[in-house]
Amino acid sequence: MSILILIISIVLLLILISVIKLNAFIALIITALFVGITKGMPFPEIINSLQQGIGSTLGSLILILAFGVILGNLLSNSGAAQQISSVMTKLFGAKHIKWAMAITGFAVGISMFYNAGFIILIPMVFAVNTSTKQPLIYLGIAMASALSITHGFLPPHPGPTAIAVIFKANIGKTLLYGLIVALPALLIAGIIFPEFIKKISANPPKGLFESKTFQESELPSFTISIVSALIPILLMALATITELTLAETNSIRIILGYIGNPTIALLIAVLFVFVFLGIKRGQKMQDIIDKSSTALASVTMIILIIASGGAFKQVLIDSGIGTDLAVFFEKSTLSPLILGWLIATIIRVAIGSATVAGLTAAGIVQPLVASSGISPELMVLSIGAGSLMCSHVNDTGFWMFKEYFGISLKDTFKTWTVMETIIGIMGLIGVLILNQFVTI
């Protein structure tokens with residue numbers, strides 16, 4: 001019954017959006033209500049799940065989204081994004097610019113949450129599109145694939161780290177094996193796959209990152225441009241390093257943990273850009289604020305759709321659909337590596353959250369690992385790969401990609417969903433190959 005309800009809910013959502021042309025925000029809420037009612041949840045519990053899903057999603061995202069959009073808009077309007085993209089183009093050449101986007105996404109993703117990394121790098125994608133005339137989706141997939149890979153495979157991201165704790169895996173080994181698995185996945189998903197989707201057109205919201213083309217004499221220096229873009233990344237990276245190397249009571253760790261929080265790091269970057277890319281270059285504060293307000297207005301619908309995606313995900317979790325599906329596999333005789341990947345994949349398809357899918361799958365297969373002779377580090381990676389599979393309409397990342405690039409549902413499936421699936425499959429293949437050489 002859970003599988004049937006899940007399938008019907010997804011079909012309903014697709015019909016509401018694609019056939020009836022209902023706004024995605026309203027369609028997601030209606031579909032979430034349908035799941036709750038058909039699973040027999042009391043109506044007050046359904047409402048609580050909707051509110052909790054919206055709150056938990058926006059609670060961690062709303063300030064990051066707001067400051068990220070302001071920062072991206074300022075980088076774009078000041079010419080800093082154009083300056084960075086110009087240097088990247090000279091280094092890699094316009095024909096190979098997707099390598100720059102993939103490498104940048106990978107470097108940023110190691111120390112940053114996916115959502116924060118996406119929001120910080122998206123103005124660069126728009127600027128590179130303007131300067132090189134390479135398709136937006138082509139560039140966006142190269143960047144997003146790198147961020148997604150680091151999110152699913154590499155500590156210190158919360159998902160892989162929490163799964164490593166469950167399996168008592170060595171964090172250093174997990175990171176090393178993760179890098180070995182990640183690089184081929186990045187090559188296929190971020191470099192080769194974009195060649196097949198170059199003809200898909202993007203139609204981003206007007207006013208989000210309108211890239212004015214500056215004369216070279218009007219551009220800020222590369223140094224101030226790259227520093228402005230890297231401030232949040234560096235602060236988050238330092239916070240992560242101190243968290244892994246210093247005691248909890250260490251004052252340096254405490255301070256960097258505070259200023260390295262994604263929200264605070266982005267706020268610091270925004271204030272830095274206000275001064276060095278705005279006021280010091282002769283702009284009035286009111287003009288800067290007005291431009292930022294325009295950018296924030298353009299992202300309103302994106303925020304609502306992400307929120308409703310979180311509500312849908314929460315109802316799927318609270319209704320027990322993910323748990324019902326996982327029970328089917330508890331007594332399977334498959335290899336723990338394949339079983340963990342498969343369970344994580346099914347839960348990911350069912351509820352949308354990569355982190356929840358990974359942690360649930362880890363809890364189910366953890367008792368099998370001790371007697372199986374399988375490396376716990378490889379178990380972390382196989383489950384991480386499964387947790388990225390088949391992202392679709394119940395995943396907030398799906399909607400973020402769709403709305404920022406302004407593409408249809410069909411094209412989001414053809415780009416984002418396929419990319420995530422490639423990463424998941426390549427991750428499993430890499431783990432199975434490594435398993436031939438790795439011993440506990």
# chains A, B, ... in the order shown; residues from 1 in each chain; ligands from 1
call {"tool": "residues_around", "arguments": {"residues": "A:Phe401", "least_positions_apart": "6", "cutoff": "12 Å", "atoms": "only C-alpha atoms", "output": "ChimeraX atom specification"}}
result
/A:114-115,118-119,122,136-137,140-141,143-145,148,202-204,302,305-306,391-393,395,407-409,411-413,415-417,419-420
call {"tool": "write_last_selection", "arguments": {"atoms": "N, CA, C and O atoms", "output": "tab-separated table (two decimals), in the first residue's frame"}}
result
chain	number	residue	atom	x	y	z
A	114	TYR	N	25.60	21.61	0.53
A	114	TYR	CA	25.21	21.73	-0.88
A	114	TYR	C	24.45	23.02	-1.13
A	114	TYR	O	24.76	23.76	-2.07
A	115	ASN	N	23.43	23.29	-0.33
A	115	ASN	CA	22.57	24.45	-0.59
A	115	ASN	C	23.37	25.75	-0.54
A	115	ASN	O	23.19	26.63	-1.39
A	118	PHE	N	25.68	25.93	-3.62
A	118	PHE	CA	24.91	26.21	-4.83
A	118	PHE	C	24.58	27.70	-4.91
A	118	PHE	O	24.75	28.33	-5.96
A	119	ILE	N	24.12	28.26	-3.80
A	119	ILE	CA	23.70	29.66	-3.80
A	119	ILE	C	24.89	30.59	-4.02
A	119	ILE	O	24.78	31.62	-4.70
A	122	ILE	N	26.13	29.99	-7.91
A	122	ILE	CA	25.20	30.20	-9.02
A	122	ILE	C	25.43	31.52	-9.77
A	122	ILE	O	25.34	31.56	-11.00
A	136	LEU	N	23.59	27.73	-20.07
A	136	LEU	CA	23.47	27.79	-18.61
A	136	LEU	C	23.37	26.40	-17.97
A	136	LEU	O	24.04	26.10	-16.98
A	137	ILE	N	22.51	25.55	-18.53
A	137	ILE	CA	22.32	24.22	-17.96
A	137	ILE	C	23.61	23.41	-18.04
A	137	ILE	O	23.97	22.68	-17.12
A	140	GLY	N	25.68	24.73	-15.33
A	140	GLY	CA	25.08	24.46	-14.03
A	140	GLY	C	25.22	23.02	-13.59
A	140	GLY	O	25.48	22.74	-12.40
A	141	ILE	N	25.07	22.08	-14.51
A	141	ILE	CA	25.22	20.66	-14.17
A	141	ILE	C	26.66	20.35	-13.77
A	141	ILE	O	26.92	19.58	-12.84
A	143	MET	N	28.75	22.32	-12.30
A	143	MET	CA	28.93	22.83	-10.94
A	143	MET	C	28.15	22.01	-9.92
A	143	MET	O	28.67	21.58	-8.89
A	144	ALA	N	26.86	21.75	-10.21
A	144	ALA	CA	25.99	21.07	-9.25
A	144	ALA	C	26.43	19.62	-9.01
A	144	ALA	O	26.29	19.11	-7.89
A	145	SER	N	26.95	18.95	-10.03
A	145	SER	CA	27.38	17.57	-9.85
A	145	SER	C	28.52	17.48	-8.84
A	145	SER	O	28.54	16.58	-8.01
A	148	SER	N	27.12	17.99	-5.35
A	148	SER	CA	26.34	16.84	-4.92
A	148	SER	C	27.24	15.67	-4.52
A	148	SER	O	26.98	14.98	-3.53
A	202	ALA	N	17.57	27.44	-20.65
A	202	ALA	CA	17.18	27.92	-19.32
A	202	ALA	C	16.42	29.22	-19.46
A	202	ALA	O	16.64	29.99	-20.40
A	203	ASN	N	15.53	29.46	-18.51
A	203	ASN	CA	14.75	30.71	-18.49
A	203	ASN	C	14.65	31.20	-17.05
A	203	ASN	O	13.58	31.16	-16.43
A	204	PRO	N	15.78	31.64	-16.48
A	204	PRO	CA	15.81	32.00	-15.05
A	204	PRO	C	14.92	33.19	-14.73
A	204	PRO	O	14.61	33.99	-15.62
A	302	ILE	N	10.84	30.95	-5.46
A	302	ILE	CA	11.78	29.85	-5.24
A	302	ILE	C	11.72	29.40	-3.78
A	302	ILE	O	11.67	28.20	-3.47
A	305	ILE	N	8.49	27.42	-3.08
A	305	ILE	CA	8.50	26.08	-3.66
A	305	ILE	C	9.43	25.15	-2.89
A	305	ILE	O	9.11	23.99	-2.63
A	306	ILE	N	10.58	25.67	-2.47
A	306	ILE	CA	11.49	24.87	-1.64
A	306	ILE	C	10.81	24.50	-0.32
A	306	ILE	O	10.91	23.37	0.17
A	391	SER	N	16.94	11.63	-7.65
A	391	SER	CA	16.29	12.80	-7.06
A	391	SER	C	15.14	13.26	-7.94
A	391	SER	O	15.28	13.38	-9.16
A	392	HIS	N	13.98	13.50	-7.32
A	392	HIS	CA	12.82	13.92	-8.12
A	392	HIS	C	11.98	14.91	-7.33
A	392	HIS	O	12.53	15.69	-6.53
A	393	VAL	N	10.66	14.89	-7.51
A	393	VAL	CA	9.82	15.99	-7.05
A	393	VAL	C	9.68	16.11	-5.53
A	393	VAL	O	9.14	17.11	-5.05
A	395	ASP	N	12.30	16.17	-3.53
A	395	ASP	CA	13.62	16.63	-3.07
A	395	ASP	C	13.72	18.14	-3.27
A	395	ASP	O	13.49	18.65	-4.38
A	407	ILE	N	13.59	25.99	-15.75
A	407	ILE	CA	13.33	24.96	-16.75
A	407	ILE	C	12.08	24.17	-16.38
A	407	ILE	O	11.59	24.24	-15.26
A	408	SER	N	11.58	23.41	-17.33
A	408	SER	CA	10.35	22.63	-17.12
A	408	SER	C	10.63	21.40	-16.25
A	408	SER	O	11.79	21.02	-16.04
A	409	LEU	N	9.54	20.78	-15.76
A	409	LEU	CA	9.70	19.54	-15.01
A	409	LEU	C	10.41	18.49	-15.85
A	409	LEU	O	11.31	17.79	-15.36
A	411	ASP	N	12.48	18.81	-18.33
A	411	ASP	CA	13.90	19.10	-18.49
A	411	ASP	C	14.67	18.95	-17.18
A	411	ASP	O	15.87	18.64	-17.20
A	412	THR	N	14.00	19.18	-16.05
A	412	THR	CA	14.67	18.96	-14.76
A	412	THR	C	14.96	17.48	-14.56
A	412	THR	O	16.02	17.10	-14.06
A	413	PHE	N	14.01	16.62	-14.95
A	413	PHE	CA	14.25	15.18	-14.91
A	413	PHE	C	15.41	14.80	-15.83
A	413	PHE	O	16.25	13.96	-15.48
A	415	THR	N	17.92	16.52	-16.77
A	415	THR	CA	19.22	17.10	-16.38
A	415	THR	C	19.58	16.73	-14.94
A	415	THR	O	20.44	15.90	-14.70
A	416	TRP	N	18.88	17.33	-14.00
A	416	TRP	CA	19.20	17.14	-12.58
A	416	TRP	C	19.03	15.67	-12.15
A	416	TRP	O	19.95	15.09	-11.55
A	417	THR	N	17.88	15.06	-12.44
A	417	THR	CA	17.62	13.70	-11.99
A	417	THR	C	18.60	12.71	-12.61
A	417	THR	O	19.13	11.81	-11.91
A	419	MET	N	21.61	13.41	-13.73
A	419	MET	CA	22.92	13.67	-13.13
A	419	MET	C	23.07	12.98	-11.78
A	419	MET	O	24.07	12.30	-11.50
A	420	GLU	N	22.06	13.13	-10.90
A	420	GLU	CA	22.12	12.51	-9.58
A	420	GLU	C	22.18	10.98	-9.69
A	420	GLU	O	22.88	10.32	-8.92
call {"tool": "residues_around", "arguments": {"residues": "A:Pro184", "least_positions_apart": "3", "cutoff": "9 Å", "atoms": "only C-alpha atoms", "output": "ChimeraX atom specification"}}
result
/A:180-181,187-189,426-427,430
call {"tool": "atom_distance", "arguments": {"atom1": "atom CA of A:Thr31", "atom2": "atom CA of A:Leu304"}}
result
15.2 Å
call {"tool": "select_by_dssp", "arguments": {"residues": "stretch 216-354 of chain A", "states": "helix (DSSP H, G or I)", "output": "compact mmCIF listing (two decimals) with C-alpha atoms, in the first residue's frame"}}
result
# COMPACT_ATOMS: atom_id res chain seq x y z
CA GLU A 216 37.62 45.93 -18.59
CA SER A 217 38.48 49.33 -17.09
CA GLU A 218 35.24 49.24 -15.06
CA PHE A 222 40.69 40.04 -9.56
CA THR A 223 42.07 39.95 -6.02
CA ILE A 224 39.15 41.80 -4.42
CA SER A 225 36.69 39.91 -6.62
CA ILE A 226 37.93 36.45 -5.68
CA VAL A 227 38.32 37.38 -2.00
CA SER A 228 34.70 38.60 -1.94
CA ALA A 229 33.49 35.31 -3.40
CA LEU A 230 35.73 33.12 -1.23
CA ILE A 231 35.09 34.72 2.17
CA PRO A 232 32.19 32.43 3.12
CA ILE A 233 33.99 29.39 1.72
CA LEU A 234 37.19 30.09 3.67
CA LEU A 235 35.33 30.81 6.91
CA MET A 236 33.33 27.58 6.64
CA ALA A 237 36.46 25.60 5.75
CA LEU A 238 38.34 26.97 8.77
CA ALA A 239 35.40 26.13 11.03
CA THR A 240 35.37 22.56 9.69
CA ILE A 241 39.13 22.11 10.12
CA THR A 242 39.09 23.34 13.72
CA GLU A 243 36.07 21.15 14.49
CA LEU A 244 38.04 18.09 13.37
CA THR A 245 41.36 19.03 15.00
CA SER A 251 38.47 29.20 22.10
CA ILE A 252 39.70 29.31 18.48
CA ARG A 253 37.32 26.47 17.58
CA ILE A 254 34.43 28.23 19.32
CA ILE A 255 35.06 31.55 17.55
CA LEU A 256 35.60 30.00 14.12
CA GLY A 257 32.60 27.72 14.67
CA TYR A 258 30.50 30.85 15.11
CA ILE A 259 31.80 32.94 12.21
CA PRO A 262 26.98 29.42 6.80
CA THR A 263 24.60 32.23 7.76
CA ILE A 264 27.22 34.29 9.60
CA ALA A 265 29.87 33.62 6.95
CA LEU A 266 27.54 34.87 4.22
CA LEU A 267 26.58 37.93 6.27
CA ILE A 268 30.26 38.80 6.75
CA ALA A 269 30.81 38.40 3.00
CA VAL A 270 27.82 40.65 2.23
CA LEU A 271 29.11 43.37 4.55
CA PHE A 272 32.59 43.07 3.03
CA VAL A 273 31.14 43.44 -0.47
CA PHE A 274 28.99 46.41 0.62
CA VAL A 275 32.21 48.23 1.52
CA PHE A 276 34.84 47.07 -0.99
CA LEU A 277 32.71 46.49 -4.10
CA GLY A 278 30.16 49.17 -3.31
CA ILE A 279 30.97 52.20 -1.17
CA LYS A 280 34.71 52.26 -1.94
CA ARG A 281 33.89 52.21 -5.65
CA MET A 285 24.36 52.62 0.12
CA GLN A 286 20.73 53.24 -0.91
CA ASP A 287 21.49 52.15 -4.49
CA ILE A 288 23.14 48.98 -3.20
CA ILE A 289 20.14 48.20 -0.97
CA ASP A 290 17.67 48.84 -3.81
CA LYS A 291 19.47 46.39 -6.10
CA SER A 292 19.57 43.80 -3.30
CA SER A 293 15.83 44.23 -2.70
CA THR A 294 15.11 43.56 -6.37
CA ALA A 295 17.12 40.33 -6.19
CA LEU A 296 15.29 39.22 -3.03
CA ALA A 297 11.92 39.86 -4.64
CA SER A 298 12.84 37.64 -7.58
CA THR A 300 10.32 34.72 -3.37
CA MET A 301 8.64 31.99 -5.41
CA ILE A 302 11.78 29.85 -5.24
CA ILE A 303 11.63 30.05 -1.44
CA LEU A 304 7.94 29.06 -1.38
CA ILE A 305 8.50 26.08 -3.66
CA ILE A 306 11.49 24.87 -1.64
CA ALA A 307 9.37 25.20 1.51
CA SER A 308 6.51 23.17 0.04
CA GLY A 309 8.99 20.54 -1.11
CA GLY A 310 10.13 20.28 2.51
CA ALA A 311 6.50 19.90 3.62
CA PHE A 312 5.92 17.06 1.13
CA LYS A 313 9.10 15.31 2.29
CA GLN A 314 8.08 15.60 5.97
CA VAL A 315 4.64 14.07 5.37
CA LEU A 316 6.29 11.16 3.55
CA ILE A 317 8.55 10.63 6.56
CA ASP A 318 5.87 11.04 9.25
CA ILE A 321 6.29 5.30 3.95
CA GLY A 322 10.09 5.21 4.19
CA THR A 323 10.01 2.78 7.12
CA ASP A 324 7.46 0.53 5.38
CA LEU A 325 9.69 0.21 2.32
CA ALA A 326 12.82 -0.48 4.36
CA VAL A 327 11.22 -3.41 6.22
CA PRO A 336 25.77 -5.50 2.45
CA LEU A 337 27.36 -3.03 0.00
CA ILE A 338 24.63 -3.58 -2.60
CA LEU A 339 21.89 -3.93 0.01
CA GLY A 340 22.84 -0.67 1.73
CA TRP A 341 22.93 1.14 -1.62
CA LEU A 342 19.58 -0.32 -2.67
CA ILE A 343 17.79 0.52 0.58
CA ALA A 344 19.19 4.05 0.55
CA THR A 345 18.03 4.42 -3.07
CA ILE A 346 14.48 3.27 -2.33
CA ILE A 347 14.15 5.50 0.73
CA ARG A 348 15.61 8.42 -1.24
CA VAL A 349 12.98 7.87 -3.95
CA ALA A 350 10.29 7.58 -1.28
CA ILE A 351 11.03 10.60 0.90
CA ALA A 354 19.49 12.14 1.09
call {"tool": "atom_distance", "arguments": {"atom1": "atom CA of A:Ser335", "atom2": "atom CA of A:Glu377"}}
result
15.0 Å
call {"tool": "residues_around", "arguments": {"residues": "A:Val108", "least_positions_apart": "4", "cutoff": "8 Å", "atoms": "only C-alpha atoms", "output": "list of chain:residue names"}}
result
A:Thr104, A:Met112, A:Gly117, A:Leu147, A:Ile233
call {"tool": "residues_around", "arguments": {"residues": "A:Ile374", "least_positions_apart": "2", "cutoff": "12 Å", "atoms": "only C-alpha atoms", "output": "JSON, numbers by chain"}}
result
{"A": [167, 169, 335, 336, 337, 338, 340, 365, 366, 367, 368, 369, 370, 371, 372, 376, 377, 378, 379, 380, 381, 382, 431, 432, 434, 435, 436, 437, 438, 439, 440]}
call {"tool": "write_last_selection", "arguments": {"atoms": "N, CA, C and O atoms", "output": "tab-separated table (two decimals), in the first residue's frame"}}
result
chain	number	residue	atom	x	y	z
A	167	PHE	N	28.69	3.14	11.57
A	167	PHE	CA	29.49	1.96	11.22
A	167	PHE	C	30.85	1.93	11.92
A	167	PHE	O	31.63	1.02	11.68
A	169	ALA	N	33.32	3.78	11.29
A	169	ALA	CA	34.30	3.89	10.21
A	169	ALA	C	35.31	4.98	10.53
A	169	ALA	O	35.00	5.98	11.19
A	335	SER	N	24.75	-8.78	-0.85
A	335	SER	CA	25.95	-8.22	-0.22
A	335	SER	C	25.57	-6.94	0.52
A	335	SER	O	24.78	-6.14	0.01
A	336	PRO	N	26.11	-6.73	1.72
A	336	PRO	CA	25.77	-5.50	2.45
A	336	PRO	C	26.04	-4.22	1.66
A	336	PRO	O	25.30	-3.24	1.80
A	337	LEU	N	27.07	-4.23	0.80
A	337	LEU	CA	27.36	-3.03	0.00
A	337	LEU	C	26.22	-2.73	-0.97
A	337	LEU	O	25.77	-1.58	-1.09
A	338	ILE	N	25.73	-3.76	-1.65
A	338	ILE	CA	24.63	-3.58	-2.60
A	338	ILE	C	23.32	-3.33	-1.85
A	338	ILE	O	22.51	-2.49	-2.25
A	340	GLY	N	22.86	-2.02	1.16
A	340	GLY	CA	22.84	-0.67	1.73
A	340	GLY	C	22.54	0.38	0.67
A	340	GLY	O	21.75	1.30	0.89
A	365	VAL	N	21.19	-1.92	7.86
A	365	VAL	CA	22.23	-2.88	7.48
A	365	VAL	C	23.38	-2.94	8.49
A	365	VAL	O	24.23	-3.83	8.39
A	366	GLN	N	23.43	-2.02	9.45
A	366	GLN	CA	24.55	-1.99	10.40
A	366	GLN	C	24.78	-3.34	11.10
A	366	GLN	O	25.94	-3.78	11.23
A	367	PRO	N	23.75	-4.06	11.54
A	367	PRO	CA	23.99	-5.35	12.20
A	367	PRO	C	24.65	-6.39	11.28
A	367	PRO	O	25.27	-7.34	11.78
A	368	LEU	N	24.52	-6.23	9.95
A	368	LEU	CA	25.08	-7.20	9.02
A	368	LEU	C	26.56	-7.01	8.78
A	368	LEU	O	27.25	-7.94	8.34
A	369	VAL	N	27.08	-5.82	9.06
A	369	VAL	CA	28.43	-5.47	8.64
A	369	VAL	C	29.49	-6.13	9.51
A	369	VAL	O	30.53	-6.58	9.01
A	370	ALA	N	29.24	-6.24	10.80
A	370	ALA	CA	30.25	-6.76	11.72
A	370	ALA	C	30.72	-8.15	11.32
A	370	ALA	O	31.91	-8.48	11.43
A	371	SER	N	29.80	-8.99	10.84
A	371	SER	CA	30.16	-10.37	10.52
A	371	SER	C	30.39	-10.60	9.02
A	371	SER	O	30.63	-11.73	8.59
A	372	SER	N	30.33	-9.52	8.23
A	372	SER	CA	30.41	-9.69	6.78
A	372	SER	C	31.83	-9.55	6.23
A	372	SER	O	32.10	-9.96	5.10
A	376	PRO	N	33.92	-0.92	6.78
A	376	PRO	CA	32.88	0.04	7.18
A	376	PRO	C	32.97	1.35	6.39
A	376	PRO	O	31.96	2.00	6.15
A	377	GLU	N	34.18	1.72	5.96
A	377	GLU	CA	34.34	2.93	5.17
A	377	GLU	C	33.65	2.79	3.81
A	377	GLU	O	33.02	3.73	3.32
A	378	LEU	N	33.74	1.60	3.21
A	378	LEU	CA	33.05	1.37	1.94
A	378	LEU	C	31.55	1.32	2.13
A	378	LEU	O	30.80	1.70	1.22
A	379	MET	N	31.10	0.83	3.29
A	379	MET	CA	29.66	0.86	3.57
A	379	MET	C	29.15	2.30	3.60
A	379	MET	O	28.06	2.58	3.08
A	380	VAL	N	29.91	3.19	4.19
A	380	VAL	CA	29.53	4.60	4.23
A	380	VAL	C	29.35	5.13	2.81
A	380	VAL	O	28.37	5.82	2.50
A	381	LEU	N	30.28	4.79	1.93
A	381	LEU	CA	30.26	5.30	0.56
A	381	LEU	C	29.15	4.67	-0.27
A	381	LEU	O	28.51	5.36	-1.08
A	382	SER	N	28.89	3.37	-0.09
A	382	SER	CA	27.83	2.74	-0.86
A	382	SER	C	26.47	3.32	-0.48
A	382	SER	O	25.63	3.59	-1.35
A	431	VAL	N	32.74	1.76	-5.46
A	431	VAL	CA	32.83	1.04	-4.18
A	431	VAL	C	33.07	-0.45	-4.41
A	431	VAL	O	33.91	-1.08	-3.74
A	432	LEU	N	32.35	-1.04	-5.35
A	432	LEU	CA	32.51	-2.47	-5.63
A	432	LEU	C	33.91	-2.79	-6.16
A	432	LEU	O	34.48	-3.84	-5.84
A	434	LEU	N	36.68	-0.92	-5.47
A	434	LEU	CA	37.56	-0.73	-4.31
A	434	LEU	C	37.48	-1.91	-3.35
A	434	LEU	O	38.49	-2.27	-2.72
A	435	ASN	N	36.33	-2.52	-3.24
A	435	ASN	CA	36.14	-3.64	-2.33
A	435	ASN	C	37.05	-4.82	-2.67
A	435	ASN	O	37.35	-5.66	-1.80
A	436	GLN	N	37.50	-4.89	-3.93
A	436	GLN	CA	38.41	-5.97	-4.34
A	436	GLN	C	39.82	-5.77	-3.79
A	436	GLN	O	40.63	-6.70	-3.76
A	437	PHE	N	40.12	-4.55	-3.36
A	437	PHE	CA	41.48	-4.23	-2.92
A	437	PHE	C	41.58	-3.84	-1.45
A	437	PHE	O	42.67	-3.86	-0.86
A	438	VAL	N	40.44	-3.46	-0.85
A	438	VAL	CA	40.46	-2.95	0.51
A	438	VAL	C	40.17	-4.08	1.50
A	438	VAL	O	39.25	-4.87	1.30
A	439	THR	N	40.96	-4.15	2.55
A	439	THR	CA	40.72	-5.11	3.62
A	439	THR	C	40.52	-4.33	4.93
A	439	THR	O	40.99	-3.22	5.07
A	440	ILE	N	39.79	-4.95	5.86
A	440	ILE	CA	39.52	-4.27	7.14
A	440	ILE	C	40.80	-4.20	7.96
A	440	ILE	O	41.52	-5.17	8.08
call {"tool": "atom_distance", "arguments": {"atom1": "atom CA of A:Ala142", "atom2": "atom CA of A:Ala102"}}
result
4.9 Å
call {"tool": "residues_around", "arguments": {"residues": "A:Thr355", "least_positions_apart": "5", "cutoff": "10 Å", "atoms": "only C-alpha atoms", "output": "mmCIF file with N, CA and C atoms, in the first residue's frame"}}
result
data_model
loop_
_atom_site.group_PDB
_atom_site.id
_atom_site.type_symbol
_atom_site.label_atom_id
_atom_site.label_comp_id
_atom_site.auth_asym_id
_atom_site.auth_seq_id
_atom_site.Cartn_x
_atom_site.Cartn_y
_atom_site.Cartn_z
ATOM 1 N N HIS A 151 28.718 16.279 -1.189
ATOM 2 C CA HIS A 151 27.659 16.182 -0.183
ATOM 3 C C HIS A 151 27.354 14.730 0.168
ATOM 4 N N GLY A 152 27.398 13.842 -0.815
ATOM 5 C CA GLY A 152 27.027 12.457 -0.574
ATOM 6 C C GLY A 152 28.155 11.563 -0.111
ATOM 7 N N HIS A 157 30.898 16.394 5.667
ATOM 8 C CA HIS A 157 29.472 16.649 5.478
ATOM 9 C C HIS A 157 28.662 15.811 6.462
ATOM 10 N N PRO A 158 27.531 16.340 6.937
ATOM 11 C CA PRO A 158 26.767 15.666 7.993
ATOM 12 C C PRO A 158 26.348 14.245 7.652
ATOM 13 N N GLY A 159 25.871 14.023 6.411
ATOM 14 C CA GLY A 159 25.393 12.700 6.033
ATOM 15 C C GLY A 159 26.469 11.634 6.130
ATOM 16 N N PRO A 160 27.554 11.750 5.334
ATOM 17 C CA PRO A 160 28.630 10.757 5.412
ATOM 18 C C PRO A 160 29.245 10.638 6.802
ATOM 19 N N ALA A 162 27.767 11.203 9.788
ATOM 20 C CA ALA A 162 26.844 10.498 10.674
ATOM 21 C C ALA A 162 26.803 9.004 10.358
ATOM 22 N N ILE A 163 26.833 8.653 9.070
ATOM 23 C CA ILE A 163 26.844 7.239 8.678
ATOM 24 C C ILE A 163 28.147 6.584 9.127
ATOM 25 N N ALA A 344 19.055 2.585 0.571
ATOM 26 C CA ALA A 344 19.186 4.047 0.551
ATOM 27 C C ALA A 344 18.518 4.638 -0.684
ATOM 28 N N ARG A 348 15.402 7.126 -0.574
ATOM 29 C CA ARG A 348 15.612 8.419 -1.237
ATOM 30 C C ARG A 348 14.461 8.708 -2.209
ATOM 31 N N THR A 360 18.781 6.045 7.581
ATOM 32 C CA THR A 360 17.841 4.929 7.726
ATOM 33 C C THR A 360 18.450 3.633 7.184
ATOM 34 N N ALA A 361 19.054 3.717 5.995
ATOM 35 C CA ALA A 361 19.687 2.534 5.405
ATOM 36 C C ALA A 361 20.823 2.028 6.282
ATOM 37 N N GLY A 384 26.032 6.296 0.875
ATOM 38 C CA GLY A 384 26.044 7.679 0.398
ATOM 39 C C GLY A 384 25.686 7.766 -1.073
ATOM 40 N N SER A 387 21.999 7.236 -1.513
ATOM 41 C CA SER A 387 21.194 8.357 -1.012
ATOM 42 C C SER A 387 21.097 9.502 -2.010
ATOM 43 N N LEU A 388 21.915 9.469 -3.070
ATOM 44 C CA LEU A 388 21.865 10.516 -4.098
ATOM 45 C C LEU A 388 21.029 10.114 -5.304
#
